[in-house]
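Structure record follows, encoded as structure tokens.
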Amino acid sequence: MAMAADEIEALITTGIPDARVEITDLAGDGDHYAARVVAESFRGMPRIKQHQAVYAALGGRMGGVLHALQLTTAIPE
Amino acid sequence: MTDDAQARIAEMVAKSDVLLFMKGSPLFPQCGFSSRAVAILNHLGAEFDSVDVLQDQGVRQGIKAFSDWPTIPQLYVKGEFIGGSDIMMEMYESGELAQLFEQQGVVSAG
């Protein structure tokens, strides 16, 4: 049921090509991750839309095979 | 059935000023993310209603489409979708959530 960190990162960067993605495996179990996604294309988008863009990139895996992903989004400084 | 769930969700959202869709109840959350959402609302002194999606499969699936959001918990304030637990935490830490509650007049006195 779990997903590898680099698989998550690859899906996000495929969906959001300008994204810089940092994944942290929170529990070391390949099932509880934190992701920080920084993308210029987030500029001007409300936070909900930024998160929805990441969830869209994950293509329905969020809440399914990907059980726990703490998500933080930001615009590059 | 799906349309029925959508209609029921719309009704719930319209009825409560602050509504949390969660797993379990505020006293006994069944998931760490829901527990965190409840803790934030309690800490801000917000009065809120909650819906336990584990008790209602129609709502559990329907709310994901309703909000276009894949996970539970989900927070609504005055009918507007605010976000899940990560966004709640970010808004709590930045003070935006307290500000929103104040603006919307949903924080109880004291």
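Chain labels follow the order of the structure tokens: the first chain is A, the next B, and so on; residue numbering restarts at 1 in every chain, and ligands are counted from 1 in their shown order.
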
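For chain B, the residues having at least one atom no farther than 12 Å from chain A, when counting only C-alpha atoms, are Cys31, Gly32, Phe33, Arg60, Gln61, Lys64, Ala65, Ser67, Asp68, Trp69, Pro70, Thr71, Ile72, Pro73, Gln74, Leu75, Glu80, Phe81, Ile82, Gly83, Gly84, Ser85, Asp86, Ile87, Met88, Met89, Glu90 and Met91 of chain B.
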
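The environment of Asp3 in chain B within 12 Å, counting only C-alpha atoms and disregarding residues fewer than 6 places along the same chain, consists of Ile9, Ala10, Gly58, Val59, Gln61, Gly62, Ile63, Ala65 and Phe66 of chain B.
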
Mind writing the picked residues with C-alpha atoms as an mmCIF file, in the first residue's frame?
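This went into out16.cif:
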data_model
loop_
_atom_site.group_PDB
_atom_site.id
_atom_site.type_symbol
_atom_site.label_atom_id
_atom_site.label_comp_id
_atom_site.auth_asym_id
_atom_site.auth_seq_id
_atom_site.Cartn_x
_atom_site.Cartn_y
_atom_site.Cartn_z
ATOM 1 C CA ILE B 9 -23.714 17.866 2.560
ATOM 2 C CA ALA B 10 -24.827 21.209 1.113
ATOM 3 C CA GLY B 58 -22.391 8.605 1.544
ATOM 4 C CA VAL B 59 -20.954 11.681 3.201
ATOM 5 C CA GLN B 61 -17.243 9.677 -0.256
ATOM 6 C CA GLY B 62 -19.449 12.627 -1.200
ATOM 7 C CA ILE B 63 -17.511 15.265 0.700
ATOM 8 C CA ALA B 65 -16.270 15.479 -4.576
ATOM 9 C CA PHE B 66 -18.180 18.301 -2.897
#

Q | Within 12 Å of Met12 in chain B using only C-alpha atoms, minus same-chain residues under 2 positions, as a PyMOL selection string | A | chain B and resi 5-10+14-21+49-51+59+63+66+76-80

Q: Within chain A, find each residue whose DSSP state, derived from the backbone, is strand (DSSP E), and express the selection as a ChimeraX atom specification.
A: /A:20-25,32-38,68-74

Need the shell around Leu26 in chain A: protein/DNA/RNA residues with any atom at most 12 Å away, counting only C-alpha atoms. Skip same-chain ones fewer than 3 positions apart. Format as a compact mmCIF listing (two decimals) with C-alpha atoms, in the first residue's frame?
# COMPACT_ATOMS: atom_id res chain seq x y z
CA ALA A 5 9.35 8.99 -1.69
CA ILE A 23 9.88 14.79 0.82
CA ASP A 29 7.62 3.33 7.32
CA GLY A 30 7.16 4.51 3.72
CA ASP A 31 3.59 5.50 4.54
CA HIS A 32 3.69 8.81 6.43
CA TYR A 33 5.30 11.62 4.51
CA ALA A 34 5.64 15.35 4.63
CA ALA A 35 6.05 17.19 1.35
CA ALA A 68 -0.73 10.37 5.05
CA LEU A 69 0.99 13.26 3.33
CA GLN A 70 1.42 16.47 5.26

Q | Separation of CA of Gln30 in chain B from CA of Val53 in chain B, in Å and rounded to one decimal | A |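 According to the coordinates, CA of Gln30 in chain B and CA of Val53 in chain B are separated by 10.4 Å.
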
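Listed by chain and then by rising number, the residues of chain A that DSSP assigns to helix (DSSP H, G or I) from the backbone are Ala5, Asp6, Glu7, Ile8, Glu9, Ala10, Leu11, Ile12, Thr13, Thr14, Gly15, Glu40, Ser41, Phe42, Arg47, Ile48, Lys49, Gln50, His51, Gln52, Ala53, Val54, Tyr55, Ala56 and Ala57 of chain A.
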
Q: Would you kindly return, as a list in words, each protein, DNA or RNA residue with an atom no farther than 8 Å from any atom of Glu22 in chain A, considering only C-alpha atoms and excluding same-chain residues fewer than 3 positions away?
A: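 The residues satisfying every condition are Glu9, Ala35, Arg36 and Val37 of chain A.
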
Using only N, CA and C atoms, please write the residues we just selected to a file, as a CSV table (one decimal), in the first residue's frame.
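Contents of again24.csv, as written:
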chain,number,residue,atom,x,y,z
A,9,GLU,N,7.7,12.3,-5.5
A,9,GLU,CA,8.3,13.4,-6.0
A,9,GLU,C,8.2,13.5,-7.5
A,35,ALA,N,5.5,16.7,2.6
A,35,ALA,CA,6.0,17.2,1.3
A,35,ALA,C,6.0,18.7,1.4
A,36,ARG,N,7.1,19.3,1.0
A,36,ARG,CA,7.1,20.8,0.8
A,36,ARG,C,7.3,21.0,-0.7
A,37,VAL,N,6.3,21.7,-1.3
A,37,VAL,CA,6.3,21.9,-2.7
A,37,VAL,C,6.4,23.5,-2.9

Q) Just how far from CA of Ala4 in chain A is CA of Ser41 in chain A, in Å to one decimal? A)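 Result for CA of Ser41 in chain A versus CA of Ala4 in chain A: 25.3 Å, one decimal.
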
Q.
Under the rule that only C-alpha atoms are counted, which of A:Ala57, A:Ala19, A:Met3, A:Ala10 is the nearest residue to Ala74 in chain A?
A.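 Smallest separation from Ala74 in chain A among the options: A:Ala19.
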